[in-house]
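Trainee: target08.txt is reproduced in full below (compact mmCIF, C-alpha atoms).
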# COMPACT_ATOMS: atom_id res chain seq x y z
CA VAL A 1 -53.37 -19.34 69.02
CA VAL A 2 -53.56 -15.83 67.57
CA THR A 3 -53.09 -15.29 63.83
CA VAL A 4 -52.01 -11.87 62.58
CA THR A 5 -52.24 -10.98 58.88
CA PHE A 6 -50.53 -7.93 57.38
CA GLN A 7 -49.14 -6.73 54.01
CA VAL A 8 -45.56 -5.96 53.11
CA SER A 9 -44.66 -3.70 50.17
CA VAL A 10 -41.71 -4.85 48.05
CA ALA A 11 -39.55 -2.03 46.68
CA ALA A 12 -39.24 -1.88 42.89
CA ASN A 13 -35.46 -2.32 43.01
CA VAL A 14 -35.49 -5.48 45.15
CA THR A 15 -34.19 -8.67 43.54
CA GLY A 16 -33.75 -12.23 44.77
CA SER A 17 -35.75 -12.98 47.90
CA ILE A 18 -37.03 -11.36 51.09
CA THR A 19 -36.81 -13.04 54.46
CA ASN A 20 -39.40 -12.08 57.09
CA VAL A 21 -38.67 -12.74 60.75
CA ALA A 22 -41.34 -12.87 63.47
CA SER A 23 -40.58 -13.23 67.17
CA VAL A 24 -42.59 -13.40 70.41
CA SER A 25 -41.67 -12.92 74.07
CA VAL A 26 -43.47 -13.59 77.35
CA PRO A 27 -44.44 -10.72 79.65
CA PRO A 28 -42.33 -9.97 82.73
CA GLY A 29 -42.71 -12.55 85.49
CA ALA A 30 -43.93 -15.27 83.16
CA THR A 31 -41.94 -18.38 82.31
CA ASP A 32 -41.60 -19.73 78.77
CA THR A 33 -41.11 -23.46 78.94
CA THR A 34 -40.08 -23.73 75.26
CA PRO A 35 -38.22 -20.60 74.16
CA THR A 36 -36.74 -22.32 71.07
CA ASN A 37 -39.93 -21.73 69.10
CA ASN A 38 -40.19 -18.03 69.86
CA THR A 39 -38.79 -17.03 66.45
CA GLY A 40 -40.04 -17.96 62.99
CA THR A 41 -38.90 -17.03 59.46
CA ALA A 42 -40.52 -17.06 56.05
CA THR A 43 -38.77 -16.41 52.70
CA VAL A 44 -40.54 -14.88 49.74
CA ASN A 45 -38.98 -14.99 46.27
CA VAL A 46 -39.30 -11.72 44.37
CA VAL A 47 -40.69 -12.23 40.84
CA LEU A 48 -39.90 -9.66 38.15
CA ALA A 49 -40.74 -9.02 34.54
CA ASP A 50 -38.13 -8.71 31.74
CA VAL A 51 -39.46 -6.94 28.66
CA LEU A 52 -37.23 -6.74 25.60
CA THR A 53 -37.37 -5.62 21.98
CA THR A 54 -35.75 -6.23 18.61
CA VAL A 55 -36.03 -4.24 15.36
CA GLN A 56 -35.11 -5.19 11.80
CA LEU A 57 -34.47 -3.21 8.61
CA PRO A 58 -33.20 -4.43 5.23
CA LEU A 59 -29.42 -4.17 4.98
CA SER A 60 -29.72 -1.65 2.14
CA ALA A 61 -32.29 -0.02 -0.15
CA PRO A 62 -32.32 2.65 -2.88
CA ALA A 63 -32.95 6.26 -1.90
CA GLY A 64 -36.64 7.12 -2.10
CA SER A 65 -37.80 3.51 -1.95
CA VAL A 66 -40.30 2.09 0.57
CA VAL A 67 -39.07 -0.57 3.02
CA THR A 68 -40.65 -2.69 5.74
CA VAL A 69 -39.62 -2.26 9.38
CA THR A 70 -40.25 -5.27 11.65
CA VAL A 71 -40.25 -4.87 15.42
CA THR A 72 -40.84 -7.38 18.22
CA PHE A 73 -41.76 -6.72 21.84
CA ALA A 74 -41.66 -9.53 24.39
CA ASN A 75 -41.59 -10.55 28.04
CA SER A 76 -38.73 -12.98 28.50
CA ALA A 77 -39.61 -16.64 29.05
CA ALA A 78 -37.30 -16.52 32.07
CA ALA A 79 -39.30 -13.69 33.67
CA GLY A 80 -41.15 -14.47 36.85
CA ALA A 81 -43.97 -11.97 36.48
CA THR A 82 -46.42 -10.71 33.92
CA ALA A 83 -45.38 -7.36 32.46
CA SER A 84 -48.20 -4.84 32.72
CA ALA A 85 -48.90 -1.63 30.77
CA VAL A 86 -46.30 -2.48 28.14
CA VAL A 87 -45.64 0.28 25.60
CA GLY A 88 -43.27 0.04 22.61
CA THR A 89 -41.97 2.89 20.48
CA VAL A 90 -39.97 2.84 17.25
CA THR A 91 -38.20 6.03 16.15
CA LEU A 92 -36.60 6.35 12.71
CA SER A 93 -33.94 8.83 11.64
CA ASN A 94 -36.28 10.13 8.90
CA GLY A 95 -38.56 11.49 11.65
CA GLN A 96 -41.16 8.71 11.60
CA VAL A 97 -42.38 7.45 15.01
CA GLN A 98 -44.56 4.38 15.65
CA THR A 99 -46.06 3.74 19.12
CA TYR A 100 -47.71 0.51 20.24
CA THR A 101 -49.81 0.08 23.40
CA LEU A 102 -49.43 -3.62 24.13
CA GLY A 103 -51.17 -4.13 27.46
CA SER A 104 -49.92 -7.11 29.48
CA LEU A 105 -47.42 -9.74 28.38
CA VAL A 106 -47.09 -13.00 30.31
CA PRO A 107 -43.63 -14.59 30.53
CA GLY A 108 -42.66 -15.92 27.10
CA GLN A 109 -45.27 -13.87 25.22
CA SER A 110 -44.21 -11.69 22.29
CA VAL A 111 -45.88 -9.34 19.81
CA THR A 112 -44.48 -8.59 16.34
CA GLN A 113 -45.49 -5.51 14.36
CA ALA A 114 -44.52 -4.39 10.84
CA PHE A 115 -44.87 -1.06 9.10
CA THR A 116 -43.45 0.70 6.06
CA SER A 117 -41.13 3.67 5.85
CA THR A 118 -39.60 5.72 3.04
CA VAL A 119 -35.83 5.75 2.63
CA PRO A 120 -34.56 9.37 2.58
CA ALA A 121 -34.06 10.73 -0.94
CA ALA A 122 -31.14 13.01 -0.16
CA THR A 123 -27.51 12.50 -1.07
CA ALA A 124 -26.41 13.79 2.35
CA THR A 125 -28.19 10.88 4.04
CA GLY A 126 -26.27 7.63 3.82
CA VAL A 127 -28.09 5.65 6.53
CA LEU A 128 -31.65 5.10 7.72
CA SER A 129 -31.61 4.05 11.38
CA ALA A 130 -34.34 2.71 13.65
CA THR A 131 -34.42 2.66 17.48
CA SER A 132 -36.98 0.54 19.31
CA THR A 133 -37.72 0.97 23.03
CA VAL A 134 -40.07 -0.90 25.35
CA ALA A 135 -41.26 -0.09 28.89
CA THR A 136 -43.52 -1.65 31.50
CA SER A 137 -45.00 -0.56 34.82
CA THR A 138 -43.88 -3.88 36.34
CA PRO A 139 -40.43 -3.94 38.00
CA GLU A 140 -37.84 -5.65 35.80
CA SER A 141 -34.86 -7.88 36.37
CA ASN A 142 -33.02 -6.53 33.32
CA THR A 143 -33.43 -3.18 31.55
CA ALA A 144 -30.38 -3.50 29.27
CA ASN A 145 -32.51 -5.20 26.61
CA ASN A 146 -35.20 -2.50 26.57
CA VAL A 147 -33.59 -0.76 23.58
CA ALA A 148 -32.64 -2.16 20.17
CA THR A 149 -31.32 -0.51 17.00
CA ALA A 150 -31.00 -1.30 13.30
CA ALA A 151 -29.48 0.55 10.35
CA LEU A 152 -30.00 0.49 6.59
CA THR A 153 -27.47 1.69 4.03
CA VAL A 154 -29.01 4.09 1.51
CA LEU A 155 -28.12 3.24 -2.10
CA PHE A 156 -27.76 5.87 -4.81
CA ALA A 157 -27.51 5.68 -8.60
CA ASP A 158 -24.95 7.41 -10.83
CA PRO A 159 -26.15 7.14 -14.43
CA GLY A 160 -23.77 8.62 -16.99
CA VAL A 161 -23.40 9.18 -20.74
CA GLN A 162 -20.32 9.59 -22.93
CA VAL A 163 -20.52 10.42 -26.65
CA ASN A 164 -17.70 8.69 -28.46
CA PRO A 165 -15.62 10.56 -31.11
CA ILE A 166 -17.35 11.39 -34.40
CA PRO A 167 -15.41 10.73 -37.64
CA SER A 168 -14.93 13.65 -40.00
CA GLY A 169 -16.09 13.67 -43.60
CA THR A 170 -17.13 15.86 -46.48
CA PRO A 171 -20.20 18.10 -46.15
CA GLY A 172 -23.35 16.08 -46.82
CA SER A 173 -21.71 12.76 -46.08
CA THR A 174 -22.98 10.39 -43.37
CA VAL A 175 -20.86 9.21 -40.46
CA SER A 176 -21.78 7.42 -37.23
CA THR A 177 -20.83 7.34 -33.57
CA THR A 178 -22.04 5.63 -30.39
CA VAL A 179 -22.85 6.62 -26.81
CA THR A 180 -21.50 4.76 -23.79
CA LEU A 181 -24.13 4.42 -21.07
CA SER A 182 -22.97 3.66 -17.52
CA ASN A 183 -24.01 3.37 -13.88
CA ASN A 184 -21.29 4.07 -11.34
CA GLY A 185 -23.66 4.11 -8.36
CA SER A 186 -24.58 1.53 -5.74
CA ALA A 187 -28.21 1.03 -6.86
CA THR A 188 -29.65 -0.37 -10.07
CA VAL A 189 -31.14 2.44 -12.16
CA THR A 190 -33.34 2.84 -15.21
CA PHE A 191 -32.99 6.00 -17.29
CA THR A 192 -33.78 7.32 -20.77
CA PRO A 193 -30.84 8.67 -22.82
CA GLN A 194 -31.68 11.81 -24.81
CA LEU A 195 -29.83 12.68 -28.02
CA VAL A 196 -29.39 16.00 -29.78
CA VAL A 197 -27.86 15.50 -33.24
CA ASN A 198 -27.17 18.71 -35.14
CA GLY A 199 -29.90 20.41 -33.10
CA VAL A 200 -32.53 17.68 -33.56
CA THR A 201 -33.65 16.01 -30.31
CA SER A 202 -34.62 12.35 -29.98
CA THR A 203 -34.49 9.64 -27.32
CA LEU A 204 -33.03 6.18 -27.12
CA ALA A 205 -34.88 3.29 -25.51
CA ALA A 206 -34.82 3.30 -21.70
CA VAL A 207 -31.96 1.27 -20.26
CA THR A 208 -31.61 -0.49 -16.90
CA LEU A 209 -28.09 -0.82 -15.53
CA ALA A 210 -26.83 -2.60 -12.44
CA PRO A 211 -24.11 -0.98 -10.32
CA GLY A 212 -20.90 -0.84 -12.33
CA GLN A 213 -22.56 -1.89 -15.60
CA THR A 214 -21.71 -0.20 -18.92
CA VAL A 215 -23.34 -0.66 -22.34
CA THR A 216 -22.80 0.90 -25.76
CA SER A 217 -25.67 2.24 -27.84
CA ALA A 218 -26.45 1.22 -31.40
CA PRO A 219 -24.70 3.37 -34.05
CA ILE A 220 -26.01 6.92 -34.27
CA THR A 221 -26.17 8.44 -37.75
CA VAL A 222 -24.79 11.95 -38.22
CA VAL A 223 -25.18 13.83 -41.51
CA LEU A 224 -22.38 16.35 -41.72
CA THR A 225 -23.29 19.93 -42.49
CA ALA A 226 -21.06 22.53 -44.07
CA THR A 227 -19.45 23.07 -40.69
CA GLY A 228 -19.41 19.49 -39.40
CA GLY A 229 -21.57 17.64 -36.85
CA THR A 230 -22.47 17.85 -33.16
CA VAL A 231 -23.91 15.10 -30.94
CA THR A 232 -24.99 15.70 -27.33
CA ALA A 233 -26.27 12.96 -25.01
CA ASN A 234 -28.16 13.58 -21.75
CA VAL A 235 -29.39 11.44 -18.85
CA THR A 236 -33.14 11.87 -18.28
CA ALA A 237 -35.71 10.35 -15.89
CA PRO A 238 -33.45 8.26 -13.61
CA SER A 239 -35.54 5.88 -11.46
CA VAL A 240 -33.25 6.28 -8.42
CA LEU A 241 -31.82 9.46 -6.96
CA ASP A 242 -28.71 10.45 -8.92
CA ALA A 243 -25.80 11.19 -6.59
CA ASN A 244 -23.60 12.68 -9.31
CA LEU A 245 -24.89 15.05 -11.99
CA ALA A 246 -21.47 15.83 -13.46
CA ASN A 247 -21.61 12.94 -15.94
CA ASN A 248 -25.22 13.46 -17.04
CA THR A 249 -24.32 15.18 -20.31
CA SER A 250 -21.64 14.72 -22.97
CA THR A 251 -20.95 16.41 -26.33
CA GLN A 252 -18.71 15.59 -29.28
CA VAL A 253 -18.07 17.86 -32.28
CA THR A 254 -16.44 17.00 -35.60
CA GLY A 255 -15.38 19.10 -38.57
CA VAL A 256 -15.55 18.48 -42.29
CA VAL A 257 -12.95 17.51 -44.87
CA LEU A 258 -12.82 19.97 -47.78
CA ALA A 259 -11.21 19.66 -51.20
CA ASP A 260 -8.73 22.26 -52.44
CA VAL A 261 -8.44 22.14 -56.24
CA LEU A 262 -5.98 24.47 -57.94
CA THR A 263 -4.50 25.19 -61.36
CA THR A 264 -1.45 26.79 -62.91
CA VAL A 265 -0.81 28.24 -66.38
CA GLN A 266 2.46 28.97 -68.14
CA LEU A 267 3.49 31.03 -71.17
CA PRO A 268 6.92 31.64 -72.65
CA LEU A 269 8.45 34.80 -71.37
CA SER A 270 8.63 36.15 -74.94
CA ALA A 271 8.10 35.18 -78.53
CA PRO A 272 8.41 36.82 -82.04
CA ALA A 273 5.31 38.46 -83.46
What do you get writing this file as structure tokens?
Mentor:
Amino acid sequence: VVTVTFQVSVAANVTGSITNVASVSVPPGATDTTPTNNTGTATVNVVLADVLTTVQLPLSAPAGSVVTVTVTFANSAAAGATASAVVGTVTLSNGQVQTYTLGSLVPGQSVTQAFTSTVPAATATGVLSATSTVATSTPESNTANNVATAALTVLFADPGVQVNPIPSGTPGSTVSTTVTLSNNGSATVTFTPQLVVNGVTSTLAAVTLAPGQTVTSAPITVVLTATGGTVTANVTAPSVLDANLANNTSTQVTGVVLADVLTTVQLPLSAPA
């Protein structure tokens, strides 16, 4: 009996199994009494890795806020081989890139990583996206799951002010008005309304408004001058990027009511001296 040992290289794109066939023949002039055993076969199942990834972002977040990105890299439990030299990369649309050198992952093993990223603070950017990729030096049975994506909707605020009409009155009299404060954006916002009444600047208490919320200020006192009164309201210090500046200021002007007294005098057209 002679035993021969040799190695066979399996191509990276081979799947399923490999069947090896060995045969032997007698030299010329010799007789083989049992030729039925001159051929033998052996089947080797090919085992492959199957690395995959997932990535998660919050569904939405205000512009300029900080969010957590969660990414998972794994070797499928159904894989037949350990995945070697595994490397994962996460690329965000804001330019941030995170790379993870993971080493080897046995079938069923996973690694989860988390990091923070800043949501773009630009009105032209409506989405923050993340793309996660994973690669291994071990041949794989499935590469379709080597890439995963996630997207976050960027929320913006739209704080606004509207000075309501000012009643008229006589010079020196006191009238009042109010200011309507609103948020027409998609993110909750805190801002400080500024008032300018007849040239004198003051501020109201900071207000926090949810998307679509509107509130009315307490009455604002206006002392009418000889020409009337002017009230201007401004949005200041919004906590979330303001997507619309057109409604950040509002002005109302009123006049005064003046008296108009008059007199007449009459004499006879003529009379004796």
Trainee: List the spatial neighbours of Pro35 in chain A as a ChimeraX atom specification - criterion: any atom at most 10 Å away, all atoms listed in the file, same-chain residues fewer than 4 positions off excluded.
Mentor: /A:24-26,31,39
Trainee: Using all atoms listed in the file, which of A:Ala74, A:Ser129, A:Ala79, A:Gln96 sits nearest Val111 in chain A?
Mentor: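 Checking each of A:Ala74, A:Ser129, A:Ala79, A:Gln96 against Val111 in chain A, counting all atoms listed in the file, the winner is A:Ala74.
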Trainee: Provide the CA of Ala61 in chain A to CA of Leu155 in chain A distance in Å, to one decimal place.
Mentor: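 CA of Leu155 in chain A lies at a distance of 5.6 Å from CA of Ala61 in chain A.
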Trainee: State, in Å with one decimal place, the distance from CA of Val127 in chain A to CA of Val235 in chain A.
Mentor: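 CA of Val235 in chain A lies 26.1 Å from CA of Val127 in chain A.
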Trainee: Which residues are near range 200-208 of chain A? Cut-off 7 Å, all atoms listed in the file, ignore same chain within fewer than 6 positions. Put them as a list in words.
Mentor: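 The residues that qualify are Val189, Thr190, Phe191, Thr192, Pro193 and Gln194 of chain A.
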Trainee: Can I get the selected residues back with C-alpha atoms, as a compact mmCIF listing (two decimals), in the frame of the given file?
Mentor:
# COMPACT_ATOMS: atom_id res chain seq x y z
CA VAL A 189 -31.14 2.44 -12.16
CA THR A 190 -33.34 2.84 -15.21
CA PHE A 191 -32.99 6.00 -17.29
CA THR A 192 -33.78 7.32 -20.77
CA PRO A 193 -30.84 8.67 -22.82
CA GLN A 194 -31.68 11.81 -24.81
Trainee: Given only C-alpha atoms as the basis, pick out the residue of A:Val175, A:Leu209, A:Val240, A:Pro167 nearest to Gly255 in chain A.
Mentor: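 Among the listed residues, the smallest separation from Gly255 in chain A belongs to A:Pro167.
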Trainee: Could you work out how far CA of Thr53 in chain A lies from CA of Thr143 in chain A, giving the answer in Å with one decimal?
Mentor: 10.6 Å
Trainee: Within 12 Å of (-38.5, 4.1, 1.3), in the coordinates the file gives, what residues turn up when you count all atoms listed in the file, written out as a count of residues only?
Mentor: 31
Trainee: Can you pull out every residue within 8 Å of Val147 in chain A, counting only C-alpha atoms, but drop anything in the same chain fewer than 6 positions away, and send it as a ChimeraX atom specification?
Mentor: /A:52-54,131-134
Trainee: Could you check the closest approach to Gly199 in chain A for each of A:Asn142, A:Thr232, A:Thr221, A:Thr112 and tell me which residue wins, using only C-alpha atoms?
Mentor: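 Comparing A:Asn142, A:Thr232, A:Thr221, A:Thr112 against Gly199 in chain A, the winner is A:Thr232.
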Trainee: Using all atoms listed in the file, which of A:Thr33, A:Thr188, A:Gln113, A:Thr216 sits nearest Val55 in chain A?
Mentor: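 Among A:Thr33, A:Thr188, A:Gln113, A:Thr216, it is A:Gln113 that comes nearest to Val55 in chain A.
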Trainee: Out of A:Val71, A:Val97, A:Ala85, A:Val253, which residue has the shortest atom-to-atom distance to Ala114 in chain A when counting only C-alpha atoms?
Mentor: A:Val71
Trainee: Calculated over only C-alpha atoms, which of the candidates A:Ser76, A:Asn146, A:Thr174, A:Ser141 has the smallest distance to Thr89 in chain A?
Mentor: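 The answer is A:Asn146, which sits nearest to Thr89 in chain A.
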Trainee: Skipping near chain neighbours, those fewer than 6 positions away, what residues fall within 9 Å of range 242-249 of chain A using all atoms listed in the file, listed as a list in words?
Mentor: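 Everything that qualifies: Ala122, Thr123, Phe156, Ala157, Asp158, Pro159, Gly160, Val161, Gln162, Val163, Gly185, Val189, Thr232, Ala233, Asn234, Val235 and Thr236 of chain A.
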Trainee: Go ahead and write the selection's residues with C-alpha atoms as an mmCIF file, in the coordinates of the input.
Mentor:
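selection.cif written:
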data_model
loop_
_atom_site.group_PDB
_atom_site.id
_atom_site.type_symbol
_atom_site.label_atom_id
_atom_site.label_comp_id
_atom_site.auth_asym_id
_atom_site.auth_seq_id
_atom_site.Cartn_x
_atom_site.Cartn_y
_atom_site.Cartn_z
ATOM 1 C CA ALA A 122 -31.140 13.010 -0.160
ATOM 2 C CA THR A 123 -27.510 12.500 -1.070
ATOM 3 C CA PHE A 156 -27.760 5.870 -4.810
ATOM 4 C CA ALA A 157 -27.510 5.680 -8.600
ATOM 5 C CA ASP A 158 -24.950 7.410 -10.830
ATOM 6 C CA PRO A 159 -26.150 7.140 -14.430
ATOM 7 C CA GLY A 160 -23.770 8.620 -16.990
ATOM 8 C CA VAL A 161 -23.400 9.180 -20.740
ATOM 9 C CA GLN A 162 -20.320 9.590 -22.930
ATOM 10 C CA VAL A 163 -20.520 10.420 -26.650
ATOM 11 C CA GLY A 185 -23.660 4.110 -8.360
ATOM 12 C CA VAL A 189 -31.140 2.440 -12.160
ATOM 13 C CA THR A 232 -24.990 15.700 -27.330
ATOM 14 C CA ALA A 233 -26.270 12.960 -25.010
ATOM 15 C CA ASN A 234 -28.160 13.580 -21.750
ATOM 16 C CA VAL A 235 -29.390 11.440 -18.850
ATOM 17 C CA THR A 236 -33.140 11.870 -18.280
#
Trainee: Residues near range 259-273 of chain A, anyone? I mean within 12 Å using only C-alpha atoms, not counting same-chain ones fewer than 5 positions away, as a ChimeraX atom specification.
Mentor: /A:169-171
Trainee: Could you please give me, as an MDAnalysis selection string, the residues of protein, DNA or RNA lying at most 9 Å from (-25.0, 5.5, -31.2) in the coordinate frame of the file, considering only C-alpha atoms?
Mentor: chainID A and resid 163:164 176:180 216:221
Trainee: Kindly save the residues from that selection, with C-alpha atoms included, as a PDB file, keeping the file's coordinate frame.
Mentor:
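Here's the written file again_26.pdb:
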ATOM      1  CA  VAL A 163     -20.520  10.420 -26.650  1.00  0.00           C
ATOM      2  CA  ASN A 164     -17.700   8.690 -28.460  1.00  0.00           C
ATOM      3  CA  SER A 176     -21.780   7.420 -37.230  1.00  0.00           C
ATOM      4  CA  THR A 177     -20.830   7.340 -33.570  1.00  0.00           C
ATOM      5  CA  THR A 178     -22.040   5.630 -30.390  1.00  0.00           C
ATOM      6  CA  VAL A 179     -22.850   6.620 -26.810  1.00  0.00           C
ATOM      7  CA  THR A 180     -21.500   4.760 -23.790  1.00  0.00           C
ATOM      8  CA  THR A 216     -22.800   0.900 -25.760  1.00  0.00           C
ATOM      9  CA  SER A 217     -25.670   2.240 -27.840  1.00  0.00           C
ATOM     10  CA  ALA A 218     -26.450   1.220 -31.400  1.00  0.00           C
ATOM     11  CA  PRO A 219     -24.700   3.370 -34.050  1.00  0.00           C
ATOM     12  CA  ILE A 220     -26.010   6.920 -34.270  1.00  0.00           C
ATOM     13  CA  THR A 221     -26.170   8.440 -37.750  1.00  0.00           C
TER      14      THR A 221
END
